[in-house]
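Pasting upload_15.cif here (mmCIF, C-alpha atoms):
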data_model
#
loop_
_atom_site.label_atom_id
_atom_site.label_comp_id
_atom_site.auth_asym_id
_atom_site.auth_seq_id
_atom_site.Cartn_x
_atom_site.Cartn_y
_atom_site.Cartn_z
CA MET A 1 164.43 -11.59 37.63
CA ASN A 2 163.97 -10.42 41.20
CA LEU A 3 160.43 -10.36 42.64
CA GLU A 4 161.58 -9.68 46.20
CA THR A 5 160.04 -6.91 48.28
CA THR A 6 160.12 -5.70 51.87
CA TYR A 7 156.89 -5.17 53.78
CA LEU A 8 156.78 -4.16 57.47
CA GLY A 9 160.49 -4.88 57.58
CA LEU A 10 159.81 -8.47 56.48
CA LYS A 11 161.76 -9.64 53.44
CA LEU A 12 159.34 -11.42 51.12
CA PRO A 13 159.98 -13.45 47.93
CA HIS A 14 157.28 -11.45 46.11
CA PRO A 15 154.53 -8.93 47.00
CA ILE A 16 151.44 -11.21 46.88
CA MET A 17 149.73 -12.49 50.03
CA PRO A 18 146.22 -13.42 51.15
CA GLY A 19 144.53 -10.58 53.04
CA ALA A 20 142.52 -10.95 56.21
CA SER A 21 139.84 -13.61 55.71
CA PRO A 22 138.33 -16.76 57.27
CA MET A 23 140.69 -18.91 55.17
CA VAL A 24 143.07 -19.12 58.14
CA ASP A 25 140.42 -20.99 60.15
CA ASN A 26 141.42 -24.18 58.33
CA LEU A 27 145.05 -25.28 58.72
CA ASP A 28 144.87 -27.36 55.54
CA THR A 29 143.88 -24.21 53.63
CA VAL A 30 146.74 -22.30 55.27
CA ARG A 31 149.18 -24.98 54.06
CA GLN A 32 147.64 -24.78 50.58
CA LEU A 33 148.19 -21.02 50.58
CA GLU A 34 151.86 -21.53 51.44
CA ASP A 35 152.18 -24.27 48.80
CA ALA A 36 150.64 -21.91 46.23
CA GLY A 37 153.39 -19.40 47.01
CA ALA A 38 151.82 -16.95 49.48
CA ALA A 39 154.48 -14.51 50.65
CA ALA A 40 152.85 -14.20 54.09
CA ILE A 41 149.59 -15.04 55.86
CA VAL A 42 147.26 -12.32 57.15
CA MET A 43 144.76 -13.57 59.72
CA HIS A 44 141.21 -12.31 60.01
CA SER A 45 140.50 -9.82 62.78
CA LEU A 46 139.95 -10.37 66.45
CA PHE A 47 137.32 -7.77 67.35
CA GLU A 48 137.25 -5.28 70.20
CA GLU A 49 133.66 -6.34 70.90
CA GLN A 50 134.73 -9.98 71.36
CA LEU A 51 137.47 -9.07 73.81
CA ILE A 52 135.35 -6.69 75.88
CA ARG A 53 132.51 -9.17 76.13
CA ASP A 54 134.91 -11.96 76.99
CA GLN A 55 136.55 -9.89 79.71
CA GLU A 56 133.21 -9.01 81.23
CA ALA A 57 131.85 -12.55 80.83
CA ALA A 58 128.72 -10.91 79.45
CA PHE A 59 127.96 -12.99 76.36
CA GLN A 60 125.32 -15.15 78.02
CA HIS A 61 123.75 -12.16 79.78
CA GLU A 62 123.50 -10.20 76.55
CA ALA A 63 122.04 -13.17 74.71
CA ALA A 64 119.31 -13.43 77.34
CA MET A 65 118.54 -9.72 77.29
CA ALA A 66 118.73 -9.15 73.53
CA GLU A 67 115.36 -10.74 72.86
CA SER A 68 113.72 -8.17 75.14
CA PHE A 69 114.48 -5.43 72.65
CA ALA A 70 113.63 -6.20 69.03
CA GLU A 71 115.90 -3.50 67.65
CA ALA A 72 118.91 -4.94 69.56
CA THR A 73 118.76 -8.49 68.26
CA SER A 74 120.87 -7.90 65.17
CA PHE A 75 123.42 -5.34 66.44
CA PHE A 76 126.24 -7.77 67.15
CA PRO A 77 126.84 -11.47 66.39
CA ASN A 78 126.42 -14.03 69.14
CA GLN A 79 129.59 -15.52 70.60
CA GLU A 80 129.32 -18.68 68.53
CA ASP A 81 129.05 -16.65 65.31
CA TYR A 82 132.63 -15.41 65.56
CA HIS A 83 135.14 -17.59 63.74
CA LEU A 84 137.56 -17.74 66.67
CA GLY A 85 137.24 -16.54 70.25
CA PRO A 86 140.08 -14.69 71.99
CA ASP A 87 141.80 -17.78 73.42
CA LYS A 88 141.35 -19.83 70.26
CA TYR A 89 142.72 -16.93 68.21
CA LEU A 90 145.99 -17.06 70.13
CA GLU A 91 146.08 -20.83 69.74
CA ARG A 92 145.53 -20.45 66.00
CA ILE A 93 148.51 -18.09 65.73
CA ARG A 94 150.70 -20.72 67.37
CA SER A 95 149.24 -23.47 65.16
CA ILE A 96 149.82 -21.52 61.95
CA LYS A 97 153.37 -20.67 63.00
CA GLU A 98 154.02 -24.38 63.49
CA ALA A 99 152.32 -25.31 60.20
CA VAL A 100 154.06 -22.88 57.82
CA LYS A 101 157.41 -21.15 57.44
CA ILE A 102 156.15 -17.86 56.02
CA PRO A 103 155.43 -14.75 58.18
CA VAL A 104 152.11 -14.63 60.04
CA ILE A 105 150.39 -11.24 60.42
CA ALA A 106 147.65 -11.14 63.06
CA SER A 107 144.83 -8.58 63.04
CA LEU A 108 143.03 -6.57 65.73
CA ASN A 109 139.87 -4.61 64.92
CA GLY A 110 138.90 -1.82 67.31
CA THR A 111 138.04 1.85 67.58
CA ARG A 112 138.47 2.96 71.20
CA ILE A 113 141.13 2.67 73.88
CA GLY A 114 140.30 -0.07 76.38
CA GLY A 115 141.38 -3.32 77.93
CA TRP A 116 141.17 -5.07 74.56
CA ILE A 117 144.45 -3.40 73.59
CA ASP A 118 146.25 -5.64 76.10
CA HIS A 119 145.54 -8.47 73.68
CA ALA A 120 148.06 -6.98 71.26
CA LYS A 121 150.80 -8.06 73.65
CA MET A 122 149.32 -11.57 73.87
CA ILE A 123 149.30 -11.73 70.08
CA GLU A 124 152.97 -10.77 70.05
CA GLN A 125 153.75 -13.40 72.69
CA ALA A 126 151.86 -16.03 70.68
CA GLY A 127 154.43 -15.59 67.91
CA ALA A 128 152.85 -13.27 65.34
CA ASP A 129 155.47 -11.64 63.10
CA ALA A 130 153.42 -8.45 62.76
CA LEU A 131 150.03 -6.98 63.64
CA GLU A 132 147.50 -5.41 61.28
CA LEU A 133 145.43 -2.86 63.18
CA ASN A 134 142.04 -2.51 61.52
CA LEU A 135 140.42 0.78 62.55
CA TYR A 136 137.00 0.16 60.98
CA TYR A 137 134.69 2.97 62.12
CA VAL A 138 131.68 4.73 60.61
CA ALA A 139 131.08 8.16 62.16
CA THR A 140 127.30 8.46 62.59
CA ASP A 141 127.09 11.05 65.38
CA PRO A 142 126.54 14.56 63.92
CA ALA A 143 128.12 16.03 67.05
CA GLU A 144 131.38 14.17 66.48
CA SER A 145 133.93 16.16 64.48
CA GLY A 146 136.47 14.82 62.05
CA ASP A 147 139.24 15.90 64.44
CA GLU A 148 137.69 13.79 67.21
CA VAL A 149 137.50 10.73 64.95
CA GLU A 150 141.13 11.12 63.92
CA SER A 151 142.38 11.83 67.45
CA ARG A 152 140.71 8.71 68.83
CA THR A 153 142.19 6.61 66.05
CA LEU A 154 145.66 8.00 66.73
CA ASP A 155 145.21 7.33 70.46
CA VAL A 156 144.46 3.67 69.73
CA LEU A 157 147.54 3.38 67.53
CA ARG A 158 149.70 5.09 70.16
CA ALA A 159 148.50 2.67 72.85
CA VAL A 160 149.11 -0.41 70.69
CA ARG A 161 152.51 0.90 69.55
CA ASN A 162 153.52 1.34 73.21
CA ALA A 163 152.36 -2.17 74.05
CA ILE A 164 154.27 -4.20 71.45
CA LYS A 165 157.53 -4.25 69.54
CA ILE A 166 156.54 -6.22 66.45
CA PRO A 167 155.71 -4.25 63.27
CA ILE A 168 152.25 -2.67 63.01
CA ALA A 169 150.30 -2.07 59.82
CA VAL A 170 147.28 0.24 60.05
CA LYS A 171 144.37 -0.56 57.76
CA LEU A 172 142.71 2.71 56.79
CA SER A 173 139.49 3.78 55.13
CA PRO A 174 139.53 6.30 52.25
CA PHE A 175 137.04 8.64 53.93
CA TYR A 176 139.21 10.95 56.01
CA SER A 177 138.83 14.61 55.05
CA SER A 178 142.58 14.87 54.34
CA LEU A 179 143.81 11.33 53.98
CA ALA A 180 147.34 12.31 52.97
CA HIS A 181 147.76 14.43 56.12
CA PHE A 182 146.23 11.77 58.37
CA ALA A 183 148.48 9.09 56.85
CA THR A 184 151.55 11.15 57.71
CA GLN A 185 150.31 11.38 61.33
CA VAL A 186 149.87 7.62 61.49
CA ASP A 187 153.33 7.24 59.99
CA ALA A 188 154.86 9.62 62.55
CA LEU A 189 153.37 7.63 65.45
CA GLY A 190 155.41 4.60 64.48
CA ALA A 191 153.18 2.60 62.14
CA ASN A 192 155.35 0.36 59.97
CA GLY A 193 152.79 0.03 57.22
CA LEU A 194 149.53 1.37 55.79
CA VAL A 195 146.95 -0.91 54.18
CA LEU A 196 144.72 0.75 51.58
CA PHE A 197 141.81 0.22 52.04
CA ASN A 198 139.24 -1.21 54.38
CA ARG A 199 136.08 -2.20 52.52
CA PHE A 200 132.93 -0.73 54.06
CA TYR A 201 130.12 -3.23 53.66
CA GLN A 202 126.82 -1.44 53.12
CA PRO A 203 123.79 -3.06 54.80
CA ASP A 204 120.62 -3.71 52.84
CA ILE A 205 117.03 -3.23 54.03
CA ASP A 206 114.46 -5.99 54.36
CA PRO A 207 111.22 -3.97 53.92
CA GLU A 208 108.97 -6.94 54.79
CA ASN A 209 110.53 -7.64 58.20
CA LEU A 210 111.66 -4.04 58.84
CA GLU A 211 115.26 -5.10 59.41
CA THR A 212 118.67 -4.16 58.14
CA VAL A 213 120.49 -7.18 56.79
CA PRO A 214 124.22 -7.69 56.19
CA LYS A 215 125.22 -7.88 52.53
CA LEU A 216 128.50 -9.39 51.39
CA GLU A 217 129.64 -8.90 47.82
CA LEU A 218 133.11 -9.85 46.64
CA SER A 219 135.26 -7.11 45.19
CA ASN A 220 136.02 -6.58 41.51
CA SER A 221 138.89 -4.97 39.63
CA ALA A 222 136.98 -1.67 39.32
CA GLU A 223 137.54 -1.11 43.05
CA LEU A 224 141.28 -1.05 42.47
CA ARG A 225 141.27 2.46 41.01
CA LEU A 226 140.65 4.15 44.37
CA ARG A 227 143.58 2.20 45.83
CA LEU A 228 145.85 3.12 42.93
CA ARG A 229 145.07 6.80 43.36
CA TRP A 230 146.06 6.89 47.01
CA LEU A 231 148.99 4.53 46.70
CA GLY A 232 150.31 6.93 44.07
CA ILE A 233 149.74 9.94 46.32
CA LEU A 234 151.30 8.43 49.45
CA HIS A 235 154.29 6.73 47.82
CA GLY A 236 157.38 8.67 48.78
CA ASN A 237 155.49 10.83 51.30
CA VAL A 238 155.47 8.31 54.16
CA ARG A 239 158.16 6.04 55.53
CA SER A 240 155.68 3.24 56.14
CA SER A 241 155.32 0.29 53.81
CA LEU A 242 152.24 0.45 51.60
CA ALA A 243 149.90 -2.47 50.92
CA CYS A 244 147.07 -2.59 48.41
CA SER A 245 143.90 -4.35 49.60
CA GLY A 246 140.76 -4.57 47.49
CA GLY A 247 140.18 -5.08 43.78
CA VAL A 248 143.20 -7.25 42.94
CA HIS A 249 142.03 -10.16 40.78
CA ARG A 250 144.46 -10.36 37.85
CA ALA A 251 148.20 -10.21 37.39
CA VAL A 252 147.83 -6.82 35.71
CA ASP A 253 146.12 -5.56 38.90
CA VAL A 254 149.25 -6.58 40.81
CA VAL A 255 151.42 -4.74 38.27
CA LYS A 256 149.33 -1.57 38.57
CA SER A 257 149.46 -1.69 42.37
CA ILE A 258 153.25 -1.99 42.41
CA MET A 259 153.67 0.78 39.86
CA ALA A 260 151.48 3.05 42.00
CA GLY A 261 153.75 2.37 44.96
CA ALA A 262 152.61 -0.79 46.78
CA ASP A 263 155.20 -2.85 48.61
CA ALA A 264 152.69 -5.68 49.10
CA VAL A 265 149.42 -6.73 47.49
CA GLN A 266 146.70 -8.45 49.50
CA VAL A 267 144.11 -10.62 47.79
CA VAL A 268 140.94 -12.15 49.23
CA SER A 269 137.95 -12.15 46.87
CA SER A 270 139.86 -13.76 44.00
CA LEU A 271 141.12 -16.49 46.36
CA LEU A 272 137.61 -17.15 47.65
CA HIS A 273 136.49 -17.43 44.03
CA PHE A 274 139.38 -19.41 42.51
CA GLY A 275 140.97 -21.05 45.56
CA PRO A 276 144.50 -20.82 47.02
CA LYS A 277 146.11 -21.87 43.74
CA HIS A 278 145.24 -18.44 42.32
CA ILE A 279 148.25 -17.01 44.17
CA HIS A 280 150.50 -19.13 41.95
CA THR A 281 148.61 -17.80 38.92
CA LEU A 282 149.16 -14.20 40.03
CA VAL A 283 152.86 -14.72 40.75
CA ASP A 284 153.41 -16.38 37.36
CA GLY A 285 151.42 -13.62 35.67
CA LEU A 286 153.51 -10.94 37.36
CA LYS A 287 156.70 -12.67 36.30
CA PHE A 288 155.48 -13.05 32.69
CA TRP A 289 154.43 -9.38 32.49
CA MET A 290 157.81 -8.24 33.78
CA GLU A 291 159.63 -10.44 31.26
CA GLN A 292 157.52 -9.10 28.41
CA HIS A 293 158.19 -5.49 29.43
CA GLU A 294 161.85 -6.02 30.35
CA PHE A 295 161.63 -5.20 34.04
CA GLU A 296 164.40 -6.89 36.01
CA SER A 297 162.94 -6.41 39.49
CA VAL A 298 159.88 -5.36 41.46
CA ALA A 299 162.00 -2.59 42.96
CA GLN A 300 162.52 -1.16 39.45
CA MET A 301 158.75 -1.01 38.93
CA LYS A 302 157.73 0.24 42.36
CA GLY A 303 156.24 3.71 42.33
CA ASN A 304 157.19 4.52 38.75
CA MET A 305 153.61 5.69 38.14
CA SER A 306 153.16 7.51 41.45
CA LEU A 307 152.46 11.21 41.75
CA ARG A 308 155.95 11.62 43.16
CA HIS A 309 157.10 11.70 39.54
CA CYS A 310 154.66 14.48 38.68
CA PRO A 311 155.88 18.07 39.30
CA ASP A 312 152.40 19.30 40.29
CA PRO A 313 150.22 16.46 41.66
CA ALA A 314 147.24 18.73 42.39
CA ALA A 315 147.22 19.96 38.79
CA TYR A 316 147.51 16.36 37.57
CA GLU A 317 144.49 15.32 39.62
CA ARG A 318 142.49 18.30 38.34
CA ALA A 319 143.44 17.59 34.73
CA ASN A 320 142.48 13.93 35.10
CA TYR A 321 139.11 14.95 36.54
CA LEU A 322 138.43 17.23 33.56
CA LYS A 323 139.43 14.54 31.06
CA VAL A 324 137.12 11.96 32.63
CA LEU A 325 134.15 14.31 32.36
CA GLN A 326 134.77 14.58 28.60
CA ILE A 327 134.91 10.83 27.95
CA TRP A 328 131.18 10.28 27.55
CA LYS A 329 129.81 11.68 24.31
CA VAL A 330 126.08 11.95 23.66
#
Would you mind writing the file's structure down as structure tokens?
Amino acid sequence: MNLETTYLGLKLPHPIMPGASPMVDNLDTVRQLEDAGAAAIVMHSLFEEQLIRDQEAAFQHEAAMAESFAEATSFFPNQEDYHLGPDKYLERIRSIKEAVKIPVIASLNGTRIGGWIDHAKMIEQAGADALELNLYYVATDPAESGDEVESRTLDVLRAVRNAIKIPIAVKLSPFYSSLAHFATQVDALGANGLVLFNRFYQPDIDPENLETVPKLELSNSAELRLRLRWLGILHGNVRSSLACSGGVHRAVDVVKSIMAGADAVQVVSSLLHFGPKHIHTLVDGLKFWMEQHEFESVAQMKGNMSLRHCPDPAAYERANYLKVLQIWKV
């Protein structure tokens, strides 16, 4: 049985890897992830805001001024709240590369062209095997059009692509007006992979203190369905590798992701819940499922449930929509 896959041009023993998370902050945990069978390591993001503030040496100034404006105190974390600063992030890449033999994928999170993009080259020089570009952005300005949002995102990708030679994966949100078209634009600009999807964390409201408060909830398998839909739509329509991120907790979730078209499957919430050893559980579960259903390789499974195999995808989506509405009977 052959579980091998290729993601971002990297040959991997199987599709399962930890997604971006704070687990990489501890080298012992990183070694445990490798021992549990992780195919690669994805680091958590280094943020545009960190790099800009670091370059301007403005952390201390902002900390002093923030208390002058009550509404500004909770906009951004203080410097010490970030897991790793810019310099330590580069050191951690080198440390992880020395500690494990599997590929290391760094991550940059930003939305606008600026000096922070230069850090992509430093990440490459530090030894990262690939870079995941996380373009997390919520458009809140009514005067900003969808075209402007997309153009700025493509400009960032173009700048990073021109700066480095290692593979780039772009982590997308599902909220573009025409995601399939936008994905092909990202693909055409030289992205080596697309990661579906970024999770948007919705803030809560503290009515007593009149504050918005961050709210973190781990994913569940129900979130996988959105990923399956778009993996199935994009498989065969882009050259880029496809990775599923969000909602993968069980071996059957891995199977579904691969059948929809994923080349790689990223897991975070289930690892935070069960620990690094859960990767071994998922790999064994994938292998068992394939044996039971007589699949000889991951390649044989990949994309066999994508819309590429449907003669009229739009009609399929419409029919599925109509069927769902008839499920509930009063």
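The space separating atom CA of Cys310 of chain A from atom CA of Arg225 of chain A comes to 18.1 Å.
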Evaluate the PyMOL selection byres ((chain A and resi 248-260) around 10) and report residues as a PyMOL selection string | chain A and resi 15-16+219-225+227-235+242-247+261-271+273-274+278-279+281-290+298-308
From the list A:Gln185, A:Asn237, A:Asn109, A:Asn320, which residue is nearest Asn134 of chain A when using all atoms listed in the file?
-> A:Asn109
Would you mind telling me which residue in A:Leu84, A:Ala39, A:Leu10, A:Ile123 lies nearest to Asp25 of chain A when using all atoms listed in the file?
-> A:Leu84
Identify all residues satisfying the PyMOL selection byres ((chain A and resi 139-156) around 12) in the given file; provide them as a VMD selection string.
-> chain A and resid 48 108 to 118 120 133 to 138 157 to 163 170 to 173 175 to 179 181 to 191
Could you tell me which residues the PyMOL selection byres ((chain A and resi 37) around 12) returns for this structure, as number ranges by chain?
-> A: 12-18, 30-36, 38-41, 100-102, 276-284
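Coordinates place atom CA of Leu216 of chain A at a distance of 26.7 Å from atom CA of Ile96 of chain A.
What separates atom CA of Lys215 of chain A from atom CA of Glu132 of chain A is a distance of 24.1 Å.
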For Val238 of chain A, the closest of A:Ala180, A:His293, A:Phe197, A:Lys88 counting only C-alpha atoms is A:Ala180
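Among the candidates A:Asn192, A:Ser45, A:Gln326, A:Asn2, the one nearest to Ser297 of chain A when counting only C-alpha atoms is A:Asn2.
Compared by their closest atoms to Lys97 of chain A, and using only C-alpha atoms, the residues A:Lys121, A:Thr29, A:Ala126, A:Glu4 rank with A:Ala126 nearest.
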In the coordinates of the file, take the point (138.0, -9.1, 73.7) and a cut-off of 9 Å; then, counting only C-alpha atoms, name each qualifying protein, DNA or RNA residue as a ChimeraX atom specification.
-> /A:46-56,85-86,115-117,119
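Among the candidates A:Pro214, A:Gly236, A:Gly19, A:Pro167, the one nearest to Phe200 of chain A when counting all atoms listed in the file is A:Pro214.
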